[in-house]
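Source file: my_file.pdb (PDB, N, CA and C atoms)
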```pdb
ATOM      1  N   MET Y   1       0.822  -1.193   0.000
ATOM      2  CA  MET Y   1       0.000   0.000   0.000
ATOM      3  C   MET Y   1       0.862   1.252   0.000
ATOM      4  N   SER Y   2       0.266   2.350  -0.316
ATOM      5  CA  SER Y   2       0.940   3.642  -0.404
ATOM      6  C   SER Y   2       1.421   4.127   0.960
ATOM      7  N   ILE Y   3       2.327   5.119   0.897
ATOM      8  CA  ILE Y   3       2.743   5.824   2.104
ATOM      9  C   ILE Y   3       2.406   7.297   1.941
ATOM     10  N   VAL Y   4       2.210   7.969   3.063
ATOM     11  CA  VAL Y   4       1.902   9.395   3.075
ATOM     12  C   VAL Y   4       2.986  10.108   3.871
ATOM     13  N   LYS Y   5       3.435  11.226   3.343
ATOM     14  CA  LYS Y   5       4.381  12.098   4.034
ATOM     15  C   LYS Y   5       3.698  13.453   4.183
ATOM     16  N   ILE Y   6       3.668  13.953   5.412
ATOM     17  CA  ILE Y   6       3.094  15.268   5.674
ATOM     18  C   ILE Y   6       4.193  16.130   6.273
ATOM     19  N   ASN Y   7       4.561  17.164   5.545
ATOM     20  CA  ASN Y   7       5.553  18.117   6.023
ATOM     21  C   ASN Y   7       4.787  19.240   6.709
ATOM     22  N   VAL Y   8       5.003  19.401   8.001
ATOM     23  CA  VAL Y   8       4.338  20.425   8.804
ATOM     24  C   VAL Y   8       5.257  21.641   8.852
ATOM     25  N   LEU Y   9       4.830  22.726   8.216
ATOM     26  CA  LEU Y   9       5.646  23.932   8.113
ATOM     27  C   LEU Y   9       5.060  25.044   8.981
ATOM     28  N   THR Y  10       5.837  25.554   9.918
ATOM     29  CA  THR Y  10       5.422  26.697  10.720
ATOM     30  C   THR Y  10       5.751  27.950   9.922
ATOM     31  N   VAL Y  11       4.704  28.736   9.596
ATOM     32  CA  VAL Y  11       4.877  29.888   8.711
ATOM     33  C   VAL Y  11       4.248  31.127   9.350
ATOM     34  N   PRO Y  12       5.054  32.130   9.682
ATOM     35  CA  PRO Y  12       4.502  33.376  10.217
ATOM     36  C   PRO Y  12       3.565  34.027   9.201
ATOM     37  N   ASP Y  13       2.575  34.760   9.693
ATOM     38  CA  ASP Y  13       1.582  35.405   8.818
ATOM     39  C   ASP Y  13       2.224  36.184   7.677
ATOM     40  N   GLU Y  14       3.290  36.922   7.968
ATOM     41  CA  GLU Y  14       3.902  37.771   6.939
ATOM     42  C   GLU Y  14       4.636  36.969   5.861
ATOM     43  N   GLN Y  15       4.808  35.668   6.059
ATOM     44  CA  GLN Y  15       5.512  34.830   5.084
ATOM     45  C   GLN Y  15       4.576  33.906   4.300
ATOM     46  N   ARG Y  16       3.287  33.921   4.614
ATOM     47  CA  ARG Y  16       2.339  33.016   3.941
ATOM     48  C   ARG Y  16       2.361  33.182   2.424
ATOM     49  N   GLU Y  17       2.270  34.416   1.962
ATOM     50  CA  GLU Y  17       2.238  34.670   0.518
ATOM     51  C   GLU Y  17       3.535  34.197  -0.141
ATOM     52  N   VAL Y  18       4.663  34.413   0.522
ATOM     53  CA  VAL Y  18       5.967  33.976   0.004
ATOM     54  C   VAL Y  18       5.968  32.456  -0.159
ATOM     55  N   LEU Y  19       5.533  31.738   0.874
ATOM     56  CA  LEU Y  19       5.498  30.275   0.820
ATOM     57  C   LEU Y  19       4.626  29.786  -0.338
ATOM     58  N   GLU Y  20       3.427  30.328  -0.447
ATOM     59  CA  GLU Y  20       2.501  29.887  -1.490
ATOM     60  C   GLU Y  20       3.035  30.194  -2.883
ATOM     61  N   LYS Y  21       3.679  31.339  -3.062
ATOM     62  CA  LYS Y  21       4.271  31.672  -4.362
ATOM     63  C   LYS Y  21       5.413  30.720  -4.710
ATOM     64  N   ARG Y  22       6.207  30.349  -3.714
ATOM     65  CA  ARG Y  22       7.312  29.420  -3.978
ATOM     66  C   ARG Y  22       6.787  28.055  -4.400
ATOM     67  N   PHE Y  23       5.735  27.578  -3.735
ATOM     68  CA  PHE Y  23       5.155  26.302  -4.152
ATOM     69  C   PHE Y  23       4.559  26.415  -5.554
ATOM     70  N   ALA Y  24       3.883  27.519  -5.849
ATOM     71  CA  ALA Y  24       3.289  27.708  -7.176
ATOM     72  C   ALA Y  24       4.365  27.741  -8.256
ATOM     73  N   SER Y  25       5.519  28.338  -7.955
ATOM     74  CA  SER Y  25       6.576  28.423  -8.963
ATOM     75  C   SER Y  25       7.203  27.066  -9.250
ATOM     76  N   ARG Y  26       7.021  26.112  -8.339
ATOM     77  CA  ARG Y  26       7.560  24.764  -8.554
ATOM     78  C   ARG Y  26       6.495  23.780  -9.017
ATOM     79  N   ALA Y  27       5.329  24.283  -9.396
ATOM     80  CA  ALA Y  27       4.258  23.395  -9.865
ATOM     81  C   ALA Y  27       4.786  22.516 -10.984
ATOM     82  N   GLY Y  28       4.488  21.252 -10.915
ATOM     83  CA  GLY Y  28       4.931  20.304 -11.930
ATOM     84  C   GLY Y  28       6.243  19.619 -11.589
ATOM     85  N   ALA Y  29       6.934  20.083 -10.550
ATOM     86  CA  ALA Y  29       8.253  19.524 -10.224
ATOM     87  C   ALA Y  29       8.192  18.112  -9.660
ATOM     88  N   VAL Y  30       7.109  17.752  -9.012
ATOM     89  CA  VAL Y  30       7.034  16.430  -8.373
ATOM     90  C   VAL Y  30       6.164  15.452  -9.170
ATOM     91  N   GLU Y  31       5.248  15.962  -9.974
ATOM     92  CA  GLU Y  31       4.227  15.129 -10.611
ATOM     93  C   GLU Y  31       4.765  14.025 -11.511
ATOM     94  N   SER Y  32       5.928  14.220 -12.093
ATOM     95  CA  SER Y  32       6.468  13.205 -13.002
ATOM     96  C   SER Y  32       7.428  12.242 -12.299
ATOM     97  N   SER Y  33       7.591  12.392 -10.986
ATOM     98  CA  SER Y  33       8.501  11.513 -10.239
ATOM     99  C   SER Y  33       7.934  10.103 -10.157
ATOM    100  N   ASP Y  34       8.804   9.119 -10.356
ATOM    101  CA  ASP Y  34       8.393   7.719 -10.271
ATOM    102  C   ASP Y  34       7.835   7.428  -8.878
ATOM    103  N   GLY Y  35       6.653   6.853  -8.822
ATOM    104  CA  GLY Y  35       6.037   6.482  -7.556
ATOM    105  C   GLY Y  35       5.190   7.566  -6.921
ATOM    106  N   PHE Y  36       5.199   8.783  -7.483
ATOM    107  CA  PHE Y  36       4.386   9.873  -6.942
ATOM    108  C   PHE Y  36       2.910   9.600  -7.215
ATOM    109  N   GLU Y  37       2.049   9.836  -6.207
ATOM    110  CA  GLU Y  37       0.613   9.610  -6.362
ATOM    111  C   GLU Y  37      -0.254  10.849  -6.097
ATOM    112  N   TRP Y  38       0.163  11.753  -5.182
ATOM    113  CA  TRP Y  38      -0.721  12.881  -4.864
ATOM    114  C   TRP Y  38       0.039  13.964  -4.133
ATOM    115  N   PHE Y  39      -0.398  15.213  -4.282
ATOM    116  CA  PHE Y  39       0.164  16.369  -3.572
ATOM    117  C   PHE Y  39      -0.961  17.325  -3.212
ATOM    118  N   GLU Y  40      -0.874  17.917  -2.020
ATOM    119  CA  GLU Y  40      -1.751  19.012  -1.619
ATOM    120  C   GLU Y  40      -0.987  19.933  -0.671
ATOM    121  N   LEU Y  41      -1.125  21.246  -0.878
ATOM    122  CA  LEU Y  41      -0.625  22.237   0.066
ATOM    123  C   LEU Y  41      -1.851  22.748   0.807
ATOM    124  N   LEU Y  42      -1.869  22.550   2.126
ATOM    125  CA  LEU Y  42      -3.028  22.906   2.939
ATOM    126  C   LEU Y  42      -2.725  24.151   3.772
ATOM    127  N   ARG Y  43      -3.491  25.222   3.530
ATOM    128  CA  ARG Y  43      -3.336  26.493   4.247
ATOM    129  C   ARG Y  43      -4.156  26.440   5.540
ATOM    130  N   PRO Y  44      -3.568  26.874   6.669
ATOM    131  CA  PRO Y  44      -4.335  26.889   7.917
ATOM    132  C   PRO Y  44      -5.450  27.928   7.853
ATOM    133  N   VAL Y  45      -6.584  27.590   8.428
ATOM    134  CA  VAL Y  45      -7.726  28.491   8.418
ATOM    135  C   VAL Y  45      -7.868  29.217   9.749
ATOM    136  N   GLU Y  46      -7.700  28.478  10.842
ATOM    137  CA  GLU Y  46      -7.810  29.114  12.149
ATOM    138  C   GLU Y  46      -7.069  28.304  13.205
ATOM    139  N   GLY Y  47      -6.543  28.999  14.192
ATOM    140  CA  GLY Y  47      -5.970  28.346  15.351
ATOM    141  C   GLY Y  47      -4.553  27.822  15.216
ATOM    142  N   THR Y  48      -3.896  28.023  14.070
ATOM    143  CA  THR Y  48      -2.522  27.543  13.911
ATOM    144  C   THR Y  48      -1.814  28.345  12.822
ATOM    145  N   ASP Y  49      -0.500  28.301  12.872
ATOM    146  CA  ASP Y  49       0.312  28.932  11.822
ATOM    147  C   ASP Y  49       1.042  27.862  11.019
ATOM    148  N   GLN Y  50       0.518  26.644  11.038
ATOM    149  CA  GLN Y  50       1.190  25.532  10.372
ATOM    150  C   GLN Y  50       0.481  25.118   9.091
ATOM    151  N   TYR Y  51       1.237  25.177   7.994
ATOM    152  CA  TYR Y  51       0.791  24.634   6.717
ATOM    153  C   TYR Y  51       1.096  23.142   6.718
ATOM    154  N   LEU Y  52       0.300  22.367   6.001
ATOM    155  CA  LEU Y  52       0.578  20.950   5.818
ATOM    156  C   LEU Y  52       0.834  20.706   4.335
ATOM    157  N   VAL Y  53       1.963  20.054   4.042
ATOM    158  CA  VAL Y  53       2.289  19.664   2.671
ATOM    159  C   VAL Y  53       2.100  18.152   2.617
ATOM    160  N   TYR Y  54       1.014  17.735   1.963
ATOM    161  CA  TYR Y  54       0.619  16.329   1.919
ATOM    162  C   TYR Y  54       1.091  15.714   0.603
ATOM    163  N   THR Y  55       1.871  14.645   0.689
ATOM    164  CA  THR Y  55       2.222  13.883  -0.512
ATOM    165  C   THR Y  55       1.972  12.405  -0.252
ATOM    166  N   ARG Y  56       1.565  11.711  -1.295
ATOM    167  CA  ARG Y  56       1.355  10.260  -1.217
ATOM    168  C   ARG Y  56       2.239   9.601  -2.275
ATOM    169  N   TRP Y  57       2.866   8.493  -1.877
ATOM    170  CA  TRP Y  57       3.841   7.797  -2.715
ATOM    171  C   TRP Y  57       3.535   6.312  -2.766
ATOM    172  N   ARG Y  58       3.949   5.675  -3.844
ATOM    173  CA  ARG Y  58       3.771   4.231  -4.005
ATOM    174  C   ARG Y  58       4.453   3.470  -2.872
ATOM    175  N   ASP Y  59       5.663   3.923  -2.490
ATOM    176  CA  ASP Y  59       6.423   3.247  -1.430
ATOM    177  C   ASP Y  59       7.509   4.182  -0.918
ATOM    178  N   GLU Y  60       8.161   3.784   0.164
ATOM    179  CA  GLU Y  60       9.213   4.591   0.783
ATOM    180  C   GLU Y  60      10.381   4.816  -0.176
ATOM    181  N   ALA Y  61      10.718   3.805  -0.962
ATOM    182  CA  ALA Y  61      11.844   3.932  -1.895
ATOM    183  C   ALA Y  61      11.588   5.055  -2.914
ATOM    184  N   SER Y  62      10.361   5.181  -3.392
ATOM    185  CA  SER Y  62      10.018   6.251  -4.342
ATOM    186  C   SER Y  62      10.176   7.618  -3.698
ATOM    187  N   PHE Y  63       9.708   7.752  -2.474
ATOM    188  CA  PHE Y  63       9.844   9.016  -1.751
ATOM    189  C   PHE Y  63      11.313   9.360  -1.542
ATOM    190  N   GLN Y  64      12.111   8.395  -1.103
ATOM    191  CA  GLN Y  64      13.526   8.640  -0.846
ATOM    192  C   GLN Y  64      14.271   9.020  -2.132
ATOM    193  N   ALA Y  65      13.920   8.380  -3.243
ATOM    194  CA  ALA Y  65      14.555   8.711  -4.527
ATOM    195  C   ALA Y  65      14.252  10.161  -4.907
ATOM    196  N   TRP Y  66      13.019  10.612  -4.682
ATOM    197  CA  TRP Y  66      12.656  11.995  -4.961
ATOM    198  C   TRP Y  66      13.397  12.943  -4.015
ATOM    199  N   MET Y  67      13.478  12.580  -2.725
ATOM    200  CA  MET Y  67      14.161  13.423  -1.736
ATOM    201  C   MET Y  67      15.635  13.618  -2.101
ATOM    202  N   GLU Y  68      16.293  12.557  -2.545
ATOM    203  CA  GLU Y  68      17.723  12.618  -2.841
ATOM    204  C   GLU Y  68      18.024  13.186  -4.230
ATOM    205  N   GLY Y  69      17.013  13.259  -5.076
ATOM    206  CA  GLY Y  69      17.211  13.758  -6.439
ATOM    207  C   GLY Y  69      16.562  15.115  -6.650
ATOM    208  N   PRO Y  70      15.368  15.128  -7.264
ATOM    209  CA  PRO Y  70      14.721  16.389  -7.636
ATOM    210  C   PRO Y  70      14.459  17.359  -6.476
ATOM    211  N   MET Y  71      14.020  16.847  -5.324
ATOM    212  CA  MET Y  71      13.722  17.744  -4.209
ATOM    213  C   MET Y  71      14.995  18.397  -3.688
ATOM    214  N   LYS Y  72      16.038  17.635  -3.537
ATOM    215  CA  LYS Y  72      17.314  18.159  -3.037
ATOM    216  C   LYS Y  72      17.863  19.218  -3.994
ATOM    217  N   ALA Y  73      17.797  18.941  -5.276
ATOM    218  CA  ALA Y  73      18.285  19.891  -6.283
ATOM    219  C   ALA Y  73      17.478  21.185  -6.253
ATOM    220  N   ALA Y  74      16.156  21.085  -6.100
ATOM    221  CA  ALA Y  74      15.301  22.271  -6.080
ATOM    222  C   ALA Y  74      15.606  23.159  -4.878
ATOM    223  N   HIS Y  75      15.900  22.559  -3.748
ATOM    224  CA  HIS Y  75      16.152  23.339  -2.542
ATOM    225  C   HIS Y  75      17.588  23.857  -2.448
ATOM    226  N   GLN Y  76      18.509  23.248  -3.158
ATOM    227  CA  GLN Y  76      19.891  23.727  -3.131
ATOM    228  C   GLN Y  76      20.149  24.777  -4.192
ATOM    229  N   GLY Y  77      19.343  24.796  -5.222
ATOM    230  CA  GLY Y  77      19.575  25.716  -6.339
ATOM    231  C   GLY Y  77      18.820  27.008  -6.211
ATOM    232  N   GLY Y  78      18.710  27.556  -5.008
ATOM    233  CA  GLY Y  78      17.858  28.711  -4.781
ATOM    234  C   GLY Y  78      18.491  30.072  -4.947
ATOM    235  N   ALA Y  79      19.583  30.211  -5.635
ATOM    236  CA  ALA Y  79      20.174  31.535  -5.834
ATOM    237  C   ALA Y  79      19.286  32.364  -6.746
ATOM    238  N   THR Y  80      19.605  33.615  -6.913
ATOM    239  CA  THR Y  80      18.804  34.479  -7.772
ATOM    240  C   THR Y  80      18.822  33.964  -9.203
ATOM    241  N   GLN Y  81      17.838  34.385  -9.987
ATOM    242  CA  GLN Y  81      17.679  33.862 -11.342
ATOM    243  C   GLN Y  81      18.861  34.174 -12.248
ATOM    244  N   ASP Y  82      19.583  35.246 -11.988
ATOM    245  CA  ASP Y  82      20.712  35.571 -12.852
ATOM    246  C   ASP Y  82      21.980  34.807 -12.475
ATOM    247  N   GLY Y  83      21.837  33.879 -11.487
ATOM    248  CA  GLY Y  83      22.962  33.042 -11.112
ATOM    249  C   GLY Y  83      23.799  33.609  -9.982
ATOM    250  N   GLY Y  84      23.563  34.841  -9.605
ATOM    251  CA  GLY Y  84      24.332  35.439  -8.517
ATOM    252  C   GLY Y  84      23.464  35.635  -7.287
ATOM    253  N   GLY Y  85      24.016  36.263  -6.294
ATOM    254  CA  GLY Y  85      23.244  36.570  -5.106
ATOM    255  C   GLY Y  85      23.113  35.405  -4.153
ATOM    256  N   GLU Y  86      22.416  35.672  -3.074
ATOM    257  CA  GLU Y  86      22.240  34.663  -2.043
ATOM    258  C   GLU Y  86      20.940  33.896  -2.249
ATOM    259  N   ARG Y  87      20.908  32.744  -1.641
ATOM    260  CA  ARG Y  87      19.708  31.923  -1.649
ATOM    261  C   ARG Y  87      18.626  32.630  -0.833
ATOM    262  N   PRO Y  88      17.352  32.629  -1.281
ATOM    263  CA  PRO Y  88      16.290  33.294  -0.527
ATOM    264  C   PRO Y  88      16.129  32.697   0.874
ATOM    265  N   LYS Y  89      15.759  33.536   1.799
ATOM    266  CA  LYS Y  89      15.516  33.110   3.172
ATOM    267  C   LYS Y  89      14.290  32.187   3.206
ATOM    268  N   PRO Y  90      14.318  31.112   4.003
ATOM    269  CA  PRO Y  90      13.152  30.222   4.082
ATOM    270  C   PRO Y  90      11.907  30.969   4.568
ATOM    271  N   ALA Y  91      10.755  30.615   4.024
ATOM    272  CA  ALA Y  91       9.492  31.215   4.459
ATOM    273  C   ALA Y  91       9.022  30.604   5.776
ATOM    274  N   ALA Y  92       9.376  29.351   6.008
ATOM    275  CA  ALA Y  92       8.964  28.655   7.223
ATOM    276  C   ALA Y  92      10.025  28.822   8.305
ATOM    277  N   THR Y  93       9.561  28.886   9.557
ATOM    278  CA  THR Y  93      10.490  28.979  10.683
ATOM    279  C   THR Y  93      10.729  27.619  11.320
ATOM    280  N   GLY Y  94       9.996  26.599  10.888
ATOM    281  CA  GLY Y  94      10.169  25.254  11.418
ATOM    282  C   GLY Y  94       9.548  24.238  10.485
ATOM    283  N   SER Y  95      10.024  23.001  10.573
ATOM    284  CA  SER Y  95       9.521  21.937   9.700
ATOM    285  C   SER Y  95       9.652  20.591  10.401
ATOM    286  N   THR Y  96       8.598  19.795  10.309
ATOM    287  CA  THR Y  96       8.582  18.429  10.834
ATOM    288  C   THR Y  96       7.914  17.552   9.788
ATOM    289  N   VAL Y  97       8.447  16.356   9.557
ATOM    290  CA  VAL Y  97       7.825  15.434   8.601
ATOM    291  C   VAL Y  97       7.172  14.289   9.369
ATOM    292  N   TRP Y  98       5.885  14.085   9.089
ATOM    293  CA  TRP Y  98       5.140  12.960   9.641
ATOM    294  C   TRP Y  98       5.050  11.899   8.552
ATOM    295  N   SER Y  99       5.202  10.620   8.912
ATOM    296  CA  SER Y  99       5.146   9.523   7.945
ATOM    297  C   SER Y  99       4.061   8.537   8.351
ATOM    298  N   PHE Y 100       3.293   8.080   7.361
ATOM    299  CA  PHE Y 100       2.194   7.154   7.598
ATOM    300  C   PHE Y 100       2.143   6.105   6.501
ATOM    301  N   GLU Y 101       1.655   4.926   6.830
ATOM    302  CA  GLU Y 101       1.305   3.913   5.835
ATOM    303  C   GLU Y 101      -0.209   3.962   5.660
ATOM    304  N   VAL Y 102      -0.673   3.875   4.431
ATOM    305  CA  VAL Y 102      -2.109   3.838   4.174
ATOM    306  C   VAL Y 102      -2.579   2.414   4.431
ATOM    307  N   VAL Y 103      -3.459   2.238   5.405
ATOM    308  CA  VAL Y 103      -3.974   0.916   5.726
ATOM    309  C   VAL Y 103      -5.422   0.728   5.292
ATOM    310  N   GLN Y 104      -6.135   1.829   5.109
ATOM    311  CA  GLN Y 104      -7.496   1.791   4.571
ATOM    312  C   GLN Y 104      -7.717   3.057   3.780
ATOM    313  N   GLN Y 105      -8.528   2.946   2.753
ATOM    314  CA  GLN Y 105      -8.915   4.124   1.987
ATOM    315  C   GLN Y 105     -10.266   3.887   1.344
ATOM    316  N   ALA Y 106     -10.934   4.959   0.995
ATOM    317  CA  ALA Y 106     -12.243   4.879   0.338
ATOM    318  C   ALA Y 106     -12.354   6.027  -0.648
ATOM    319  N   ALA Y 107     -13.072   5.795  -1.697
ATOM    320  CA  ALA Y 107     -13.350   6.825  -2.706
ATOM    321  C   ALA Y 107     -14.862   6.946  -2.840
ATOM    322  N   PRO Y 108     -15.344   8.091  -3.307
ATOM    323  CA  PRO Y 108     -16.789   8.217  -3.488
ATOM    324  C   PRO Y 108     -17.323   7.164  -4.453
ATOM    325  N   LYS Y 109     -18.504   6.699  -4.175
ATOM    326  CA  LYS Y 109     -19.162   5.739  -5.084
ATOM    327  C   LYS Y 109     -19.812   6.505  -6.223
ATOM    328  N   PRO Y 110     -19.754   5.939  -7.428
ATOM    329  CA  PRO Y 110     -20.419   6.609  -8.564
ATOM    330  C   PRO Y 110     -21.923   6.715  -8.305
ATOM    331  N   ARG Y 111     -22.485   7.848  -8.675
ATOM    332  CA  ARG Y 111     -23.943   8.040  -8.523
ATOM    333  C   ARG Y 111     -24.629   7.619  -9.804
ATOM    334  N   SER Y 112     -25.787   7.006  -9.644
ATOM    335  CA  SER Y 112     -26.517   6.576 -10.842
ATOM    336  C   SER Y 112     -27.501   7.594 -11.314
TER     337      SER Y 112
END
```

Could you write out this file's structure as structure tokens?
Amino acid sequence: MSIVKINVLTVPDEQREVLEKRFASRAGAVESSDGFEWFELLRPVEGTDQYLVYTRWRDEASFQAWMEGPMKAAHQGGATQDGGGERPKPAATGSTVWSFEVVQQAAPKPRS
């Protein structure tokens, strides 16, 4: 069965727009990865400053291959577009990854 990785990002109010723009600029970066099944960026509505980055993968090996390849390259190559300058400051002030195995799932039933 699939595995789920949830990256919990603590993001101050003034950095929310920065975080969302950075994710939007990388749209398409994970979708073609072998074993990738789903992605969602979840914005907090009330009571927390934590965004959830939800990804689902075929297996742990697929996730690790993405982490060591495309994801690592995307996060290390953050200098300015002209090749100079410093890497942008992170939008999040903290990050924790939660890992789960999918043991049950359900999808909506087709309506007749």

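With distances taken over all atoms listed in the file, Y:Val8 is the one residue among Y:Lys21, Y:Val8, Y:Glu68, Y:Ala27 lying closest to Y:Gln50.
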
How would you write as an MDAnalysis selection string the residues that get within 7 Å of (0.6, 22.7, 0.8) in the file's frame, counting all atoms listed in the file? chainID Y and resid 39:43 51:54

Which value, in Å to one decimal, gives the distance between atom CA of Y:Leu19 and atom C of Y:Asp49? 11.4 Å

Can you pull out the residues contacting Y:Ser95? Cut-off 9 Å, using only C-alpha atoms, and skip same-chain residues under 6 positions away; I want them as an MDAnalysis selection string. chainID Y and resid 7:10

Can you check which residues of chain Y DSSP gives as alpha helix (DSSP H) on the backbone and send them as a ChimeraX atom specification? /Y:16-25,60-66,72-76

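Closest approach to Y:Trp66 from the set Y:Glu17, Y:Glu101, Y:Asp34, Y:Glu86 is made by Y:Asp34, with distances taken over all atoms listed in the file.
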
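Counting all atoms listed in the file, the residue from Y:Val11, Y:Ile3, Y:Ala92, Y:Met71 that sits nearest to Y:Val30 is Y:Met71.
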
Which neighbours of Y:Val103 fall inside 9 Å, counting only C-alpha atoms, when residues of the same chain fewer than 3 positions from it are skipped, and could you give them as a count of residues only? 3

Strand (DSSP E or B) call set, DSSP backbone run, chain Y, as an NGL selection string: :Y and (3-10 or 36-42 or 50-57 or 94-101)

Let me see the file: selected residues, N, CA and C atoms, as a compact mmCIF listing (two decimals), in the frame of the given file.
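Result written to again_28.txt:
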```txt
# COMPACT_ATOMS: atom_id res chain seq x y z
N ILE Y 3 2.33 5.12 0.90
CA ILE Y 3 2.74 5.82 2.10
C ILE Y 3 2.41 7.30 1.94
N VAL Y 4 2.21 7.97 3.06
CA VAL Y 4 1.90 9.40 3.08
C VAL Y 4 2.99 10.11 3.87
N LYS Y 5 3.44 11.23 3.34
CA LYS Y 5 4.38 12.10 4.03
C LYS Y 5 3.70 13.45 4.18
N ILE Y 6 3.67 13.95 5.41
CA ILE Y 6 3.09 15.27 5.67
C ILE Y 6 4.19 16.13 6.27
N ASN Y 7 4.56 17.16 5.54
CA ASN Y 7 5.55 18.12 6.02
C ASN Y 7 4.79 19.24 6.71
N VAL Y 8 5.00 19.40 8.00
CA VAL Y 8 4.34 20.42 8.80
C VAL Y 8 5.26 21.64 8.85
N LEU Y 9 4.83 22.73 8.22
CA LEU Y 9 5.65 23.93 8.11
C LEU Y 9 5.06 25.04 8.98
N THR Y 10 5.84 25.55 9.92
CA THR Y 10 5.42 26.70 10.72
C THR Y 10 5.75 27.95 9.92
N PHE Y 36 5.20 8.78 -7.48
CA PHE Y 36 4.39 9.87 -6.94
C PHE Y 36 2.91 9.60 -7.22
N GLU Y 37 2.05 9.84 -6.21
CA GLU Y 37 0.61 9.61 -6.36
C GLU Y 37 -0.25 10.85 -6.10
N TRP Y 38 0.16 11.75 -5.18
CA TRP Y 38 -0.72 12.88 -4.86
C TRP Y 38 0.04 13.96 -4.13
N PHE Y 39 -0.40 15.21 -4.28
CA PHE Y 39 0.16 16.37 -3.57
C PHE Y 39 -0.96 17.32 -3.21
N GLU Y 40 -0.87 17.92 -2.02
CA GLU Y 40 -1.75 19.01 -1.62
C GLU Y 40 -0.99 19.93 -0.67
N LEU Y 41 -1.12 21.25 -0.88
CA LEU Y 41 -0.62 22.24 0.07
C LEU Y 41 -1.85 22.75 0.81
N LEU Y 42 -1.87 22.55 2.13
CA LEU Y 42 -3.03 22.91 2.94
C LEU Y 42 -2.72 24.15 3.77
N GLN Y 50 0.52 26.64 11.04
CA GLN Y 50 1.19 25.53 10.37
C GLN Y 50 0.48 25.12 9.09
N TYR Y 51 1.24 25.18 7.99
CA TYR Y 51 0.79 24.63 6.72
C TYR Y 51 1.10 23.14 6.72
N LEU Y 52 0.30 22.37 6.00
CA LEU Y 52 0.58 20.95 5.82
C LEU Y 52 0.83 20.71 4.34
N VAL Y 53 1.96 20.05 4.04
CA VAL Y 53 2.29 19.66 2.67
C VAL Y 53 2.10 18.15 2.62
N TYR Y 54 1.01 17.74 1.96
CA TYR Y 54 0.62 16.33 1.92
C TYR Y 54 1.09 15.71 0.60
N THR Y 55 1.87 14.64 0.69
CA THR Y 55 2.22 13.88 -0.51
C THR Y 55 1.97 12.40 -0.25
N ARG Y 56 1.56 11.71 -1.30
CA ARG Y 56 1.36 10.26 -1.22
C ARG Y 56 2.24 9.60 -2.28
N TRP Y 57 2.87 8.49 -1.88
CA TRP Y 57 3.84 7.80 -2.72
C TRP Y 57 3.54 6.31 -2.77
N GLY Y 94 10.00 26.60 10.89
CA GLY Y 94 10.17 25.25 11.42
C GLY Y 94 9.55 24.24 10.48
N SER Y 95 10.02 23.00 10.57
CA SER Y 95 9.52 21.94 9.70
C SER Y 95 9.65 20.59 10.40
N THR Y 96 8.60 19.80 10.31
CA THR Y 96 8.58 18.43 10.83
C THR Y 96 7.91 17.55 9.79
N VAL Y 97 8.45 16.36 9.56
CA VAL Y 97 7.82 15.43 8.60
C VAL Y 97 7.17 14.29 9.37
N TRP Y 98 5.88 14.08 9.09
CA TRP Y 98 5.14 12.96 9.64
C TRP Y 98 5.05 11.90 8.55
N SER Y 99 5.20 10.62 8.91
CA SER Y 99 5.15 9.52 7.94
C SER Y 99 4.06 8.54 8.35
N PHE Y 100 3.29 8.08 7.36
CA PHE Y 100 2.19 7.15 7.60
C PHE Y 100 2.14 6.10 6.50
N GLU Y 101 1.66 4.93 6.83
CA GLU Y 101 1.30 3.91 5.84
C GLU Y 101 -0.21 3.96 5.66
```

In Å and to one decimal, atom N of Y:Pro12 is distant from atom CA of Y:Ala91 by 6.9 Å

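The nearest approach to Y:Ser99 among the residues Y:Ser112, Y:Ile6, Y:Ser25, Y:Thr55, with only N, CA and C atoms taken into account, belongs to Y:Ile6.
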
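Straight-line separation from atom CA of Y:Arg58 to atom C of Y:Phe36: 6.3 Å.
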
Please enclose the listed atoms of stretch 92-110 of chain Y in an axis-aligned box, pad each side by 8 Å, and write out the centre and the three edge lengths in Å, rounded to one decimal, as lines of an AutoDock Vina configuration file.
```
center_x = -5.6
center_y = 15.0
center_z = 1.4
size_x = 48.7
size_y = 44.6
size_z = 36.0
```

Would you save stretch 44-51 of chain Y from the block above with N, CA and C atoms, as a CSV table (one decimal), in the first residue's frame?
```csv
chain,number,residue,atom,x,y,z
Y,44,PRO,N,-3.6,26.9,6.7
Y,44,PRO,CA,-4.3,26.9,7.9
Y,44,PRO,C,-5.5,27.9,7.9
Y,45,VAL,N,-6.6,27.6,8.4
Y,45,VAL,CA,-7.7,28.5,8.4
Y,45,VAL,C,-7.9,29.2,9.7
Y,46,GLU,N,-7.7,28.5,10.8
Y,46,GLU,CA,-7.8,29.1,12.1
Y,46,GLU,C,-7.1,28.3,13.2
Y,47,GLY,N,-6.5,29.0,14.2
Y,47,GLY,CA,-6.0,28.3,15.4
Y,47,GLY,C,-4.6,27.8,15.2
Y,48,THR,N,-3.9,28.0,14.1
Y,48,THR,CA,-2.5,27.5,13.9
Y,48,THR,C,-1.8,28.3,12.8
Y,49,ASP,N,-0.5,28.3,12.9
Y,49,ASP,CA,0.3,28.9,11.8
Y,49,ASP,C,1.0,27.9,11.0
Y,50,GLN,N,0.5,26.6,11.0
Y,50,GLN,CA,1.2,25.5,10.4
Y,50,GLN,C,0.5,25.1,9.1
Y,51,TYR,N,1.2,25.2,8.0
Y,51,TYR,CA,0.8,24.6,6.7
Y,51,TYR,C,1.1,23.1,6.7
```
